[in-house]
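Peer 1: Starting off with a structure, shown below.
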Amino acid sequence: MLRARALPSVLEQVVTGDVLTAVLTTADGGLVASSSPEPEETKPLAALSANAFAALDGKYDEEAESSAAESAGLQSAIFHCENGQVHVATLGKFVVSIRSTADAPVGMIRSKLLSLVEYLREPLSQLA
């Protein structure tokens, strides 16, 4: 079982190299846990990631063409910003976000995000 105190250290494992910040939020943007060398950036990242993802997810549901796509919903998104990339994925009632440098390899960052989501899936499903 994963303890709440351990969440920052779990997120810290992906904050290496090109990854600057990792956050776990509720679907409405409430910060649950974070890891960043610059802690002041975690709350804005949490709120923006959750809100942008929620807006995209609603748009995706409206435009879905097949019943399989409708039931799956939007699983992850990548936002390219002036100062870097933000990779976001849903995990039940939670949102996992990773901020990286602008020139970070997208595939590597996505792989880190999806590995983190898989690692947290079972412990967080007990909370939801």
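In the structure tokens, each chain is lettered A, B, ... as it comes, each chain's residues begin at 1, and ligands are numbered from 1 in order of appearance.
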Using the chain letters and numbers from this document, which residues of chain A does DSSP assign to alpha helix (DSSP H), as a PyMOL selection string?
Peer 2: chain A and resi 7-12+42-63+67-72+106-125
Peer 1: Just want the 8 Å neighbourhood of region 99-110 of chain A, counted on only C-alpha atoms, with same-chain residues fewer than 3 positions away dropped. Output as an MDAnalysis selection string.
Peer 2: chainID A and resid 18:22 80:87 113:114
Peer 1: How would the residues just chosen look if you wrote them out with N, CA and C atoms as a short mmCIF file (atom, residue, chain, number, x, y, z; two decimals), in the first residue's frame?
Peer 2:
data_model
loop_
_atom_site.label_atom_id
_atom_site.label_comp_id
_atom_site.auth_asym_id
_atom_site.auth_seq_id
_atom_site.Cartn_x
_atom_site.Cartn_y
_atom_site.Cartn_z
N ASP A 18 15.51 16.05 -18.25
CA ASP A 18 14.65 17.05 -18.87
C ASP A 18 13.33 17.27 -18.15
N VAL A 19 12.99 16.42 -17.18
CA VAL A 19 11.73 16.58 -16.43
C VAL A 19 11.99 17.54 -15.27
N LEU A 20 11.20 18.62 -15.23
CA LEU A 20 11.40 19.66 -14.22
C LEU A 20 10.46 19.54 -13.03
N THR A 21 9.24 19.06 -13.27
CA THR A 21 8.23 19.02 -12.22
C THR A 21 7.28 17.86 -12.47
N ALA A 22 6.82 17.24 -11.40
CA ALA A 22 5.77 16.21 -11.47
C ALA A 22 4.74 16.52 -10.39
N HIS A 80 2.40 22.03 -25.66
CA HIS A 80 3.69 22.64 -25.96
C HIS A 80 3.57 24.13 -25.63
N CYS A 81 4.38 24.59 -24.70
CA CYS A 81 4.35 25.97 -24.24
C CYS A 81 5.67 26.66 -24.59
N GLU A 82 5.73 27.97 -24.39
CA GLU A 82 6.95 28.72 -24.69
C GLU A 82 8.14 28.22 -23.88
N ASN A 83 7.91 27.88 -22.62
CA ASN A 83 9.00 27.51 -21.73
C ASN A 83 9.10 26.02 -21.47
N GLY A 84 8.44 25.21 -22.25
CA GLY A 84 8.54 23.78 -22.05
C GLY A 84 7.29 23.04 -22.49
N GLN A 85 7.22 21.78 -22.10
CA GLN A 85 6.09 20.92 -22.44
C GLN A 85 5.41 20.49 -21.15
N VAL A 86 4.10 20.32 -21.21
CA VAL A 86 3.35 19.78 -20.08
C VAL A 86 2.62 18.54 -20.59
N HIS A 87 2.91 17.40 -19.97
CA HIS A 87 2.29 16.13 -20.31
C HIS A 87 1.30 15.79 -19.20
N LEU A 113 5.61 9.43 -17.98
CA LEU A 113 4.26 9.74 -17.49
C LEU A 113 3.41 8.48 -17.39
N LEU A 114 3.40 7.68 -18.44
CA LEU A 114 2.58 6.47 -18.44
C LEU A 114 3.08 5.43 -17.43
#
Peer 1: Quick one, how far is CA of Glu118 (chain A) from CA of Gln75 (chain A)?
Peer 2: 12.4 Å
